[in-house]
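Participant: Below you'll find the structure I mean.
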4 protein chains.
Amino acid sequence: MAGSSYGLEFRITTFGESHGKAIGVIVDGVTPGLELSPEDIQPHLARRRPGQSSITTPRDETDSVEILSGVFEGKTTGTPITLVVFNQDQRSRDYSEIMAKFRPGHADATYLTKYGLRDYRGSGRASGRETIGRVAAGAIALKLLAQKGITITAYTRRAAGVECKTIDFDVIEQNPVRAADADAAAEMVRRIEKLAEEGNSTGGIVECVVQGMPVGLGEPVFDKLDAEIAKAMLSLGAVKGIEFGAGFAAADMTGVEHNDEIAADGHLTNNAGGILGGISSGEDLTFRIAVKPPASIKAEQKTVDVEGRETTISTHGRHDPIICPRIVPVVESMAAIAVLDLLKRHAALLA
Amino acid sequence: MAGSSYGLEFRITTFGESHGKAIGVIVDGVTPGLELSPEDIQPHLARRRPGQSSITTPRDETDSVEILSGVFEGKTTGTPITLVVFNQDQRSRDYSEIMAKFRPGHADATYLTKYGLRDYRGSGRASGRETIGRVAAGAIALKLLAQKGITITAYTRRAAGVECKTIDFDVIEQNPVRAADADAAAEMVRRIEKLAEEGNSTGGIVECVVQGMPVGLGEPVFDKLDAEIAKAMLSLGAVKGIEFGAGFAAADMTGVEHNDEIAADGHLTNNAGGILGGISSGEDLTFRIAVKPPASIKAEQKTVDVEGRETTISTHGRHDPIICPRIVPVVESMAAIAVLDLLKRHAALLA
Amino acid sequence: MAGSSYGLEFRITTFGESHGKAIGVIVDGVTPGLELSPEDIQPHLARRRPGQSSITTPRDETDSVEILSGVFEGKTTGTPITLVVFNQDQRSRDYSEIMAKFRPGHADATYLTKYGLRDYRGSGRASGRETIGRVAAGAIALKLLAQKGITITAYTRRAAGVECKTIDFDVIEQNPVRAADADAAAEMVRRIEKLAEEGNSTGGIVECVVQGMPVGLGEPVFDKLDAEIAKAMLSLGAVKGIEFGAGFAAADMTGVEHNDEIAADGHLTNNAGGILGGISSGEDLTFRIAVKPPASIKAEQKTVDVEGRETTISTHGRHDPIICPRIVPVVESMAAIAVLDLLKRHAALLA
Amino acid sequence: MAGSSYGLEFRITTFGESHGKAIGVIVDGVTPGLELSPEDIQPHLARRRPGQSSITTPRDETDSVEILSGVFEGKTTGTPITLVVFNQDQRSRDYSEIMAKFRPGHADATYLTKYGLRDYRGSGRASGRETIGRVAAGAIALKLLAQKGITITAYTRRAAGVECKTIDFDVIEQNPVRAADADAAAEMVRRIEKLAEEGNSTGGIVECVVQGMPVGLGEPVFDKLDAEIAKAMLSLGAVKGIEFGAGFAAADMTGVEHNDEIAADGHLTNNAGGILGGISSGEDLTFRIAVKPPASIKAEQKTVDVEGRETTISTHGRHDPIICPRIVPVVESMAAIAVLDLLKRHAALLA
């Protein structure tokens, strides 16, 4: 099976290339009777789109979503919902360098080898614009989960070497890095702007917390909650790692330190990140992802051309110096889709 | 769908509980014509089984595999292969404490809530014995991959706070931790034995390298190579995180540092871990997993009983003080299954 | 899983309601490098669309297809291909009777009960217009199969009680019933026109022949060639039965009569319809489907309203008196998708 | 994906060859808490096994089922249930003729071509013994459905050219053909015994009725109730066709005749067979399958050997002269699995 779908009972299938006619998603398995309009989706896309601040690309992409199917008289009908964003910006550019050379850190050569040809306009399907469909579908999942008391919050935990000292959900949308610590955010911005001026970029860590998780979600032994979340997150182009609860720190802990002791009102700690045996424990589901620095940088780098001859390349254009702030809504969306899918699968098991 | 299957074109479905009659796996999609006998599988199970050394549980489990179907005259027939290990050790024990109390760090409460009842004998399906089916199936995948020049090597990279200074594949099977550095291994053993004496346990990091990867494996945008490997690894009970290539270190890197520059004979570095755009690049696929300390420890811990009353528990019996050495063959197996599955899916795309 | 997708390695996901904004399909798994333009698809849609003749509905639906993704510089890229037909005819109508009453033979009540609400405009998702996506995707499958020497031909075998006496592929597109016998077709038309004048409709039988089948397609024991074809055909709204080769006649045959004897150059007969043990034998794959008469008729019929009160209904508007001629391209499309999917799955098995 | 699994939320994966070590099934997605023991399954296997009467093969196969996993203290745990029947009869036979020649009506050549080799012992995986796993899994599905008031009854409707004149469920298990009409059954037996003496065999039609169907099962547009049932039935080796409700007779009906008019207490007729728009209507689900005559007959037939040379073959041994009576429990089982799977999928949609 080609890989354009995720989820079983809440299933998304995305399509579209960066500079093609349109980008979108079919969402199958949406609970019928949910009130849904573009206004439910557009705010999530707004958080994802470029041009939001000094540290995102100044490209102007409106990304206005249309609902093509599955909604009637303002409610979901239980049939597939198609959400589409028509690309405004398809103007012809000079792609001669991208056509001729492989950009370091990009999927140019792997796409060409795998498929025998590639859509080199704006990275084609390997572009970050591919996540538009995920965010649009995620908006539906988030709305359905919210009705069940489940809320999802992601934020930049670390960027450009600066770590949040405190976690305050209220400040996330008030700084351009979407960090959970206003002071740290200010320092992050300073460093990111400086790197951007130098034609460089930086990575970071995004943390996600799911609150209100019911006990029992996750399907051992392969479709465990953490396994599904891990797949969802690693399917994002910029993500190079994930950890749950104590995560990699658990590698240096002893059993006495790592085991979460239990009291009458819950666990005393949450090193497990809300998952035991691959099933939600009722504690907050917490995980962090490693976000690599954007590969598109002005600095000159060694590479080869399509003939295999050594050369150099410098990527110009309007690119993000950091991916974290714009991946935050994507992380929330994918987490919502994974959790809702498992919630529906659990209902099927019990039926 | 319940979660007992992994893979699409090379698909495994596992079954069995720790103390039930048998544990095993059906492997569907095995290329016909492969020579296969229990001798191909048994050595892999031997690496996984307990009782191997001073730092694994002294339980004696023979774990002798039988082939029930799918092989005729010594060759695979293309029909489903069933591999089964009958449990020798089903003797009645005193499960009264495990029945009555929830063990910290275990899946006792989550299983009970999810399913409404649980098999408390040896953790039932949440036991590490569940991985027998994975390793048996993995032996087939490893043999098929080896014929294509793809080899997979996992080893303990870090344990009890000790990191390998060098990576030497030749020493892995010569020390009980399966570490890739003989000196580090000696120190690891000392620390692990001490923790074991104290009734405690420790975590570690296992690294895996896949050599000989063809370019082009991975199915964007959801079933990328890293996404599939991540799901496979996080489906293992003890794994709390995964990172590819530079991994979490990428979060603190700049684009200039992280991008792997390209020369005529390949990439100059491998921060990407052999994956670009979710597709294998031809460089070695490398990833590391965080392995938590075993939850079963003698040290007394706070918990509640099934009535919700606070109490304490101390887990006696013969348990592993560290999971790393025994998870090594499981990691190789799951990596092999994921890679082979994607290899077959790529063939389908091109057909 | 909701049911909007068919196929695994060549996988279609359809969307859209009869009177919604658009109807379409995502095709995932299309072999990269295939030349593809709307001109490859439009002729197939033209054979499916209304207004073709005296015995199809005079509704004028242009059904002009657009390719939104997956094709670059005239070739498929291996990424998902989105094909969409925007509905021209969304004008407001008087749906008060359809809203208030359940039409006999329609899915009105079952949709309402299943989903809790329904899109009553032109039957919504239960409309025959839903097959537009299938035909558009089928055009791609047919083109890929043709390159491998596999051709698919469907035709009306029986209609309004008239059976083809001869089978001549050349006349199929030259008569409005798409019958394979010109004389029978003339009589069919006479009878159908008379029924249409009376406000009535009729059923028929469509036969399909796949020539050039390679040996070995079909995945026992559940995804056999006949099982996959049967599912594909019974997923069409008007189809009430399917039979392969001798089909139901086999029920009255003896083994001596039914077994296809074998000579050096193939089977002497083809009672098996080209399938043995669920796998293609190399003989022509042949099957027939029973097509029910259209449920939308002017004749007055007993029914109940949404309150459960007994009443009568008479369906006015421009409806087909027979489905056979317009279902012919749909049958060819679904057969092509099923065969191509199994061809790709077989390639995966051998990889 | 290879084809050894059926169903999504109630999913069976079967394994085993006719003369291999064992035949069985893993059932995943079984609702936890169901009381289950071999005694629930054995009676269904007894109805399927040979040696029941004068018109089934006299082979003595005990087919004693064991539960290897998924049941604890007499109840299903929600984890995969493995059911296995160890083959008693693996004695070495003279397979030289079957090895050397292709039997008409058998899958010998298609298996050999598809897989490059074949298990020629008793037809290997293409044997009717493969259905043991289906019946064992079906017993669980039937028990779960019975708790919801859904019952499934299959019977021979026609055999050796004799049709049931009446349908009386009470006589089905009282005659060796499992016909629903005692008088017809007597005549069927006479004809079948005569054919058997002549070294010949005969086909028939099996009808199945599902009573107590809730409204709303079936997932349009591809996984409709009829599509799923059709796939399940055509996956059985001997089945060459299926029809629902009026079935092929609908091809000769007009809309006035075929539409089921509706009264306050339900439909006045059931030409639709309990399905509208692919969704259960609440009326009885009814379908019929065409069962071909067994291919293994003593009469001499033309064939070729594996070198392609023309020759003749006559199949000796203990074979069934008709498949209908033994396929009846298999049909009930597959219908139960399909219905239960859709019931669980519907629950997931609404969750």
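Following the order of the structure tokens, first chain is A, next is B, and so on, with residues numbered from 1 inside each chain and ligands from 1 in the order they appear.
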Got a sec: who's within 8 Å of D:Ser235, counting only C-alpha atoms, leaving out chain neighbours fewer than 5 positions off, as JSON, numbers by chain?
Facilitator: {"C": [220, 221, 222, 223, 224, 226, 227, 278]}
Participant: Write the residues of the preceding selection, restricted to N, CA, C and O atoms, as an mmCIF file, in the first residue's frame.
Facilitator:
```
data_model
loop_
_atom_site.group_PDB
_atom_site.id
_atom_site.type_symbol
_atom_site.label_atom_id
_atom_site.label_comp_id
_atom_site.auth_asym_id
_atom_site.auth_seq_id
_atom_site.Cartn_x
_atom_site.Cartn_y
_atom_site.Cartn_z
ATOM 1 N N PRO C 220 -5.126 -16.341 -2.155
ATOM 2 C CA PRO C 220 -5.858 -17.228 -1.248
ATOM 3 C C PRO C 220 -5.460 -16.966 0.210
ATOM 4 O O PRO C 220 -4.326 -16.518 0.450
ATOM 5 N N VAL C 221 -6.372 -17.259 1.128
ATOM 6 C CA VAL C 221 -7.629 -17.909 0.905
ATOM 7 C C VAL C 221 -8.806 -16.931 0.950
ATOM 8 O O VAL C 221 -9.922 -17.327 0.612
ATOM 9 N N PHE C 222 -8.567 -15.676 1.360
ATOM 10 C CA PHE C 222 -9.692 -14.754 1.455
ATOM 11 C C PHE C 222 -9.744 -13.758 0.307
ATOM 12 O O PHE C 222 -10.822 -13.322 -0.080
ATOM 13 N N ASP C 223 -8.601 -13.383 -0.209
ATOM 14 C CA ASP C 223 -8.578 -12.374 -1.261
ATOM 15 C C ASP C 223 -8.357 -13.031 -2.618
ATOM 16 O O ASP C 223 -7.549 -12.582 -3.438
ATOM 17 N N LYS C 224 -9.110 -14.100 -2.825
ATOM 18 C CA LYS C 224 -9.068 -14.787 -4.115
ATOM 19 C C LYS C 224 -9.550 -13.843 -5.206
ATOM 20 O O LYS C 224 -10.277 -12.880 -4.953
ATOM 21 N N ASP C 226 -11.801 -14.275 -7.483
ATOM 22 C CA ASP C 226 -13.261 -14.171 -7.558
ATOM 23 C C ASP C 226 -13.828 -13.424 -6.354
ATOM 24 O O ASP C 226 -14.793 -12.669 -6.490
ATOM 25 N N ALA C 227 -13.225 -13.594 -5.190
ATOM 26 C CA ALA C 227 -13.715 -12.893 -4.001
ATOM 27 C C ALA C 227 -13.550 -11.387 -4.151
ATOM 28 O O ALA C 227 -14.448 -10.605 -3.806
ATOM 29 N N GLY C 278 -9.121 -19.796 -6.746
ATOM 30 C CA GLY C 278 -9.091 -18.366 -6.464
ATOM 31 C C GLY C 278 -7.980 -17.620 -7.166
ATOM 32 O O GLY C 278 -7.749 -16.440 -6.922
#
```
Participant: Among stretch 54-303 of chain A, which ones does DSSP place in helix (DSSP H, G or I), written as JSON, numbers by chain?
Facilitator: {"A": [96, 97, 98, 99, 100, 108, 109, 110, 111, 112, 113, 114, 115, 121, 122, 123, 124, 125, 126, 128, 129, 130, 131, 132, 133, 134, 135, 136, 137, 138, 139, 140, 141, 142, 143, 144, 145, 146, 147, 169, 170, 171, 172, 173, 174, 182, 183, 184, 185, 186, 187, 188, 189, 190, 191, 192, 193, 194, 195, 196, 197, 225, 226, 227, 228, 229, 230, 231, 232, 233, 234, 247, 248, 249, 250, 251, 252, 255, 256, 257, 258]}
Participant: If we count only C-alpha atoms and set the cut-off at 9 Å, which residues sit around B:Glu219, ignoring sequence neighbours fewer than 4 positions away in its own chain? Please answer as a list in words.
Facilitator: Met1, Ala2, Gly3 and Ser4 of chain A; Asp223, Lys224, Leu225, Gly278, Ile279, Leu342, Arg345 and His346 of chain B
Participant: Restricting the output to N, CA and C atoms, write the selected residues as a PDB file, in the first residue's frame.
Facilitator:
```pdb
ATOM      1  N   MET A   1       0.846  -1.193   0.000  1.00  0.00           N
ATOM      2  CA  MET A   1       0.000   0.000   0.000  1.00  0.00           C
ATOM      3  C   MET A   1       0.879   1.240   0.000  1.00  0.00           C
ATOM      4  N   ALA A   2       0.546   2.168  -0.884  1.00  0.00           N
ATOM      5  CA  ALA A   2       1.226   3.453  -0.832  1.00  0.00           C
ATOM      6  C   ALA A   2       0.825   4.139   0.472  1.00  0.00           C
ATOM      7  N   GLY A   3       1.570   5.168   0.857  1.00  0.00           N
ATOM      8  CA  GLY A   3       1.451   5.653   2.226  1.00  0.00           C
ATOM      9  C   GLY A   3       0.680   6.935   2.430  1.00  0.00           C
ATOM     10  N   SER A   4      -0.382   7.157   1.690  1.00  0.00           N
ATOM     11  CA  SER A   4      -1.074   8.441   1.798  1.00  0.00           C
ATOM     12  C   SER A   4      -2.204   8.450   2.805  1.00  0.00           C
TER      13      SER A   4
ATOM     14  N   ASP B 223       3.643   6.438   5.803  1.00  0.00           N
ATOM     15  CA  ASP B 223       4.376   5.201   6.063  1.00  0.00           C
ATOM     16  C   ASP B 223       5.835   5.353   5.661  1.00  0.00           C
ATOM     17  N   LYS B 224       6.396   6.474   6.072  1.00  0.00           N
ATOM     18  CA  LYS B 224       7.808   6.731   5.837  1.00  0.00           C
ATOM     19  C   LYS B 224       8.643   5.687   6.558  1.00  0.00           C
ATOM     20  N   LEU B 225       9.866   5.505   6.116  1.00  0.00           N
ATOM     21  CA  LEU B 225      10.754   4.524   6.729  1.00  0.00           C
ATOM     22  C   LEU B 225      10.905   4.784   8.228  1.00  0.00           C
ATOM     23  N   GLY B 278      11.699  10.589   4.455  1.00  0.00           N
ATOM     24  CA  GLY B 278      11.038   9.345   4.830  1.00  0.00           C
ATOM     25  C   GLY B 278      11.409   8.164   3.964  1.00  0.00           C
ATOM     26  N   ILE B 279      12.409   8.357   3.106  1.00  0.00           N
ATOM     27  CA  ILE B 279      12.837   7.334   2.148  1.00  0.00           C
ATOM     28  C   ILE B 279      14.307   7.032   2.397  1.00  0.00           C
ATOM     29  N   LEU B 342       8.494  -2.820   3.732  1.00  0.00           N
ATOM     30  CA  LEU B 342       8.586  -1.654   2.847  1.00  0.00           C
ATOM     31  C   LEU B 342       9.229  -2.008   1.515  1.00  0.00           C
ATOM     32  N   ARG B 345       6.467  -3.465  -0.423  1.00  0.00           N
ATOM     33  CA  ARG B 345       5.503  -2.433  -0.819  1.00  0.00           C
ATOM     34  C   ARG B 345       6.060  -1.581  -1.959  1.00  0.00           C
ATOM     35  N   HIS B 346       7.338  -1.342  -1.944  1.00  0.00           N
ATOM     36  CA  HIS B 346       7.949  -0.583  -3.040  1.00  0.00           C
ATOM     37  C   HIS B 346       7.847  -1.371  -4.343  1.00  0.00           C
TER      38      HIS B 346
END
```
Participant: How many Å lie between atom CA of B:Gly74 and atom CA of B:Glu35, rounded to one decimal?
Facilitator: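 According to the coordinates, atom CA of B:Gly74 and atom CA of B:Glu35 are separated by 5.6 Å.
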Participant: Find the nearest atom pair between each residue of chain A and chain D for residues within 10 Å, count only C-alpha atoms, give distances in Å to one decimal, sort rows by chain and ascending number, and present the table as JSON lines.
Facilitator:
```
{"residue": "A:Met1", "atom": "CA", "partner": "D:Met1", "partner_atom": "CA", "distance": 8.3}
{"residue": "A:Leu8", "atom": "CA", "partner": "D:Leu8", "partner_atom": "CA", "distance": 9.1}
{"residue": "A:Glu9", "atom": "CA", "partner": "D:Ala348", "partner_atom": "CA", "distance": 6.4}
{"residue": "A:Phe10", "atom": "CA", "partner": "D:Leu349", "partner_atom": "CA", "distance": 8.0}
{"residue": "A:Asp28", "atom": "CA", "partner": "D:Leu349", "partner_atom": "CA", "distance": 9.3}
{"residue": "A:Gly29", "atom": "CA", "partner": "D:Leu349", "partner_atom": "CA", "distance": 5.5}
{"residue": "A:Val30", "atom": "CA", "partner": "D:Leu349", "partner_atom": "CA", "distance": 6.7}
{"residue": "A:Thr31", "atom": "CA", "partner": "D:Leu350", "partner_atom": "CA", "distance": 5.3}
{"residue": "A:Pro32", "atom": "CA", "partner": "D:Leu350", "partner_atom": "CA", "distance": 7.0}
{"residue": "A:Gly33", "atom": "CA", "partner": "D:Leu350", "partner_atom": "CA", "distance": 9.5}
{"residue": "A:Gly78", "atom": "CA", "partner": "D:Leu349", "partner_atom": "CA", "distance": 7.6}
{"residue": "A:Thr79", "atom": "CA", "partner": "D:Pro220", "partner_atom": "CA", "distance": 8.2}
{"residue": "A:Leu144", "atom": "CA", "partner": "D:Ala351", "partner_atom": "CA", "distance": 9.7}
{"residue": "A:Glu219", "atom": "CA", "partner": "D:Thr79", "partner_atom": "CA", "distance": 9.4}
{"residue": "A:Pro220", "atom": "CA", "partner": "D:Thr79", "partner_atom": "CA", "distance": 8.2}
{"residue": "A:Val221", "atom": "CA", "partner": "D:Thr79", "partner_atom": "CA", "distance": 9.1}
{"residue": "A:Leu340", "atom": "CA", "partner": "D:Ala351", "partner_atom": "CA", "distance": 9.1}
{"residue": "A:Asp341", "atom": "CA", "partner": "D:Ala348", "partner_atom": "CA", "distance": 8.8}
{"residue": "A:Leu342", "atom": "CA", "partner": "D:Ala348", "partner_atom": "CA", "distance": 9.6}
{"residue": "A:Leu343", "atom": "CA", "partner": "D:Ala351", "partner_atom": "CA", "distance": 7.5}
{"residue": "A:Lys344", "atom": "CA", "partner": "D:Ala348", "partner_atom": "CA", "distance": 4.6}
{"residue": "A:Arg345", "atom": "CA", "partner": "D:Ala348", "partner_atom": "CA", "distance": 6.1}
{"residue": "A:His346", "atom": "CA", "partner": "D:Ala348", "partner_atom": "CA", "distance": 7.9}
{"residue": "A:Ala347", "atom": "CA", "partner": "D:Ala348", "partner_atom": "CA", "distance": 5.6}
{"residue": "A:Ala348", "atom": "CA", "partner": "D:Lys344", "partner_atom": "CA", "distance": 4.6}
{"residue": "A:Leu349", "atom": "CA", "partner": "D:Gly29", "partner_atom": "CA", "distance": 5.5}
{"residue": "A:Leu350", "atom": "CA", "partner": "D:Thr31", "partner_atom": "CA", "distance": 5.3}
{"residue": "A:Ala351", "atom": "CA", "partner": "D:Lys344", "partner_atom": "CA", "distance": 5.5}
```
Participant: Keeping only C-alpha atoms, write those residues as a short mmCIF file (atom, residue, chain, number, x, y, z; two decimals), in the first residue's frame.
Facilitator:
```cif
data_model
loop_
_atom_site.label_atom_id
_atom_site.label_comp_id
_atom_site.auth_asym_id
_atom_site.auth_seq_id
_atom_site.Cartn_x
_atom_site.Cartn_y
_atom_site.Cartn_z
CA MET A 1 0.00 0.00 0.00
CA LEU A 8 -8.22 3.01 10.54
CA GLU A 9 -11.55 4.08 12.00
CA PHE A 10 -10.84 7.80 11.73
CA ASP A 28 -13.38 8.95 6.43
CA GLY A 29 -15.13 7.73 9.54
CA VAL A 30 -16.15 11.08 10.97
CA THR A 31 -18.92 10.64 13.50
CA PRO A 32 -22.17 11.83 11.89
CA GLY A 33 -24.05 14.78 13.34
CA GLY A 78 -20.94 10.11 8.23
CA THR A 79 -19.73 10.01 4.62
CA LEU A 144 -14.76 15.62 18.39
CA GLU A 219 -4.37 -1.71 20.97
CA PRO A 220 -1.57 -4.05 22.08
CA VAL A 221 0.69 -5.43 21.01
CA LEU A 340 -9.52 9.58 18.17
CA ASP A 341 -8.73 6.63 15.93
CA LEU A 342 -7.80 4.52 18.95
CA LEU A 343 -10.89 5.69 20.80
CA LYS A 344 -13.04 4.44 17.94
CA ARG A 345 -11.09 1.19 17.71
CA HIS A 346 -11.61 0.59 21.40
CA ALA A 347 -15.36 1.09 20.93
CA ALA A 348 -15.30 -1.53 18.16
CA LEU A 349 -13.53 -4.02 20.41
CA LEU A 350 -16.18 -3.69 23.10
CA ALA A 351 -19.15 -3.78 20.68
#
```
Participant: Report, in Å to a single decimal, how far apart atom CA of C:Ala290 and atom CA of D:Ile242 are.
Facilitator: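 Rounded to one decimal, the two atoms are 10.0 Å apart.
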Participant: Can you tell me which residues surround D:Gly105 at a distance of at most 8 Å, considering only C-alpha atoms, apart from same-chain residues fewer than 4 positions away, and format the answer as an NGL selection string?
Facilitator: (:C and (258-261 or 272 or 276)) or (:D and (295-296))
Participant: Just the selected residues (N, CA and C atoms), exported as a short mmCIF file (atom, residue, chain, number, x, y, z; two decimals), in the first residue's frame, please.
Facilitator:
```cif
data_model
loop_
_atom_site.label_atom_id
_atom_site.label_comp_id
_atom_site.auth_asym_id
_atom_site.auth_seq_id
_atom_site.Cartn_x
_atom_site.Cartn_y
_atom_site.Cartn_z
N HIS C 258 -18.75 -30.35 -15.40
CA HIS C 258 -18.23 -29.04 -14.98
C HIS C 258 -16.72 -28.93 -15.07
N ASN C 259 -15.99 -29.98 -14.71
CA ASN C 259 -14.52 -29.91 -14.78
C ASN C 259 -14.07 -29.53 -16.18
N ASP C 260 -13.20 -28.57 -16.26
CA ASP C 260 -12.62 -28.19 -17.55
C ASP C 260 -11.43 -29.09 -17.85
N GLU C 261 -11.58 -29.96 -18.82
CA GLU C 261 -10.45 -30.83 -19.17
C GLU C 261 -9.32 -29.99 -19.78
N ALA C 272 -14.91 -22.75 -15.36
CA ALA C 272 -14.35 -22.13 -14.17
C ALA C 272 -14.28 -20.61 -14.30
N LEU C 276 -9.06 -20.84 -10.85
CA LEU C 276 -8.97 -22.14 -10.17
C LEU C 276 -8.31 -21.92 -8.80
N ALA D 295 -14.51 -31.51 -7.74
CA ALA D 295 -13.67 -31.78 -8.90
C ALA D 295 -13.02 -33.16 -8.84
N SER D 296 -12.91 -33.70 -7.64
CA SER D 296 -12.26 -35.01 -7.49
C SER D 296 -13.25 -36.12 -7.83
#
```
Participant: Name the residues in contact with stretch 201-206 of chain B at a cut-off of 6 Å, using only C-alpha atoms, excluding same-chain residues fewer than 3 positions from it; report them as a count of residues only.
Facilitator: 21
Participant: Quick one: everything within 12 Å of A:Thr110, counting only C-alpha atoms, minus sequence neighbours fewer than 3 positions away in the same chain. Send it as a ChimeraX atom specification.
Facilitator: /A:102-107,113-118,123,126,306 /B:214-220,224-225,274-283
Participant: Can you pull out the residues contacting B:Asp284? Cut-off 7 Å, using only C-alpha atoms, and skip same-chain residues under 4 positions away; I want them as an MDAnalysis selection string.
Facilitator: chainID B and resid 209:213 273:274
Participant: Would you mind exporting the chosen residues as a PDB file, in the first residue's frame, restricted to C-alpha atoms?
Facilitator:
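Listing of again.pdb after writing:
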```pdb
ATOM      1  CA  VAL B 209      22.381  -0.122  12.266  1.00  0.00           C
ATOM      2  CA  VAL B 210      20.997  -1.434   8.988  1.00  0.00           C
ATOM      3  CA  GLN B 211      23.672  -1.835   6.344  1.00  0.00           C
ATOM      4  CA  GLY B 212      23.181  -2.406   2.640  1.00  0.00           C
ATOM      5  CA  MET B 213      19.931  -0.479   2.458  1.00  0.00           C
ATOM      6  CA  GLY B 273      20.414   8.421   9.837  1.00  0.00           C
ATOM      7  CA  GLY B 274      20.008   7.156   6.303  1.00  0.00           C
TER       8      GLY B 274
END
```
Participant: Calculate how many Å separate atom CA of D:Gly138 from atom CA of B:Ile12, rounding to one decimal.
Facilitator: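 If I compute the distance from atom CA of D:Gly138 to atom CA of B:Ile12, I get 21.8 Å.
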Participant: Write out as a count of residues only all residues of stretch 83-285 of chain B that DSSP puts in strand (DSSP E or B) for this structure's backbone.
Facilitator: 45
Participant: Would you give me, as CSV, each residue of stretch 15-131 of chain A having an atom within 8 Å of an atom of stretch 170-194 of chain A, along with its shortest atom pair and that distance in Å to one decimal, using only C-alpha atoms and sorting by chain and residue number?
Facilitator:
```
residue,atom,partner,partner_atom,distance
A:Gln52,CA,A:Pro176,CA,7.7
A:Ser53,CA,A:Pro176,CA,6.1
A:Ser54,CA,A:Pro176,CA,7.6
A:Ile55,CA,A:Glu193,CA,6.6
```
Participant: Store the residues picked out above, limited to N, CA, C and O atoms, as a PDB file, in the first residue's frame.
Facilitator:
```
ATOM      1  N   GLN A  52       3.520  34.509   9.625  1.00  0.00           N
ATOM      2  CA  GLN A  52       2.898  34.896  10.877  1.00  0.00           C
ATOM      3  C   GLN A  52       3.743  35.861  11.696  1.00  0.00           C
ATOM      4  O   GLN A  52       3.226  36.567  12.538  1.00  0.00           O
ATOM      5  N   SER A  53       5.043  35.823  11.493  1.00  0.00           N
ATOM      6  CA  SER A  53       5.906  36.593  12.391  1.00  0.00           C
ATOM      7  C   SER A  53       7.273  36.788  11.768  1.00  0.00           C
ATOM      8  O   SER A  53       7.548  36.341  10.652  1.00  0.00           O
ATOM      9  N   SER A  54       8.162  37.421  12.555  1.00  0.00           N
ATOM     10  CA  SER A  54       9.519  37.682  12.086  1.00  0.00           C
ATOM     11  C   SER A  54      10.313  36.392  11.903  1.00  0.00           C
ATOM     12  O   SER A  54      11.306  36.363  11.195  1.00  0.00           O
ATOM     13  N   ILE A  55       9.879  35.308  12.550  1.00  0.00           N
ATOM     14  CA  ILE A  55      10.675  34.081  12.445  1.00  0.00           C
ATOM     15  C   ILE A  55       9.984  33.001  11.612  1.00  0.00           C
ATOM     16  O   ILE A  55      10.322  31.825  11.694  1.00  0.00           O
TER      17      ILE A  55
END
```
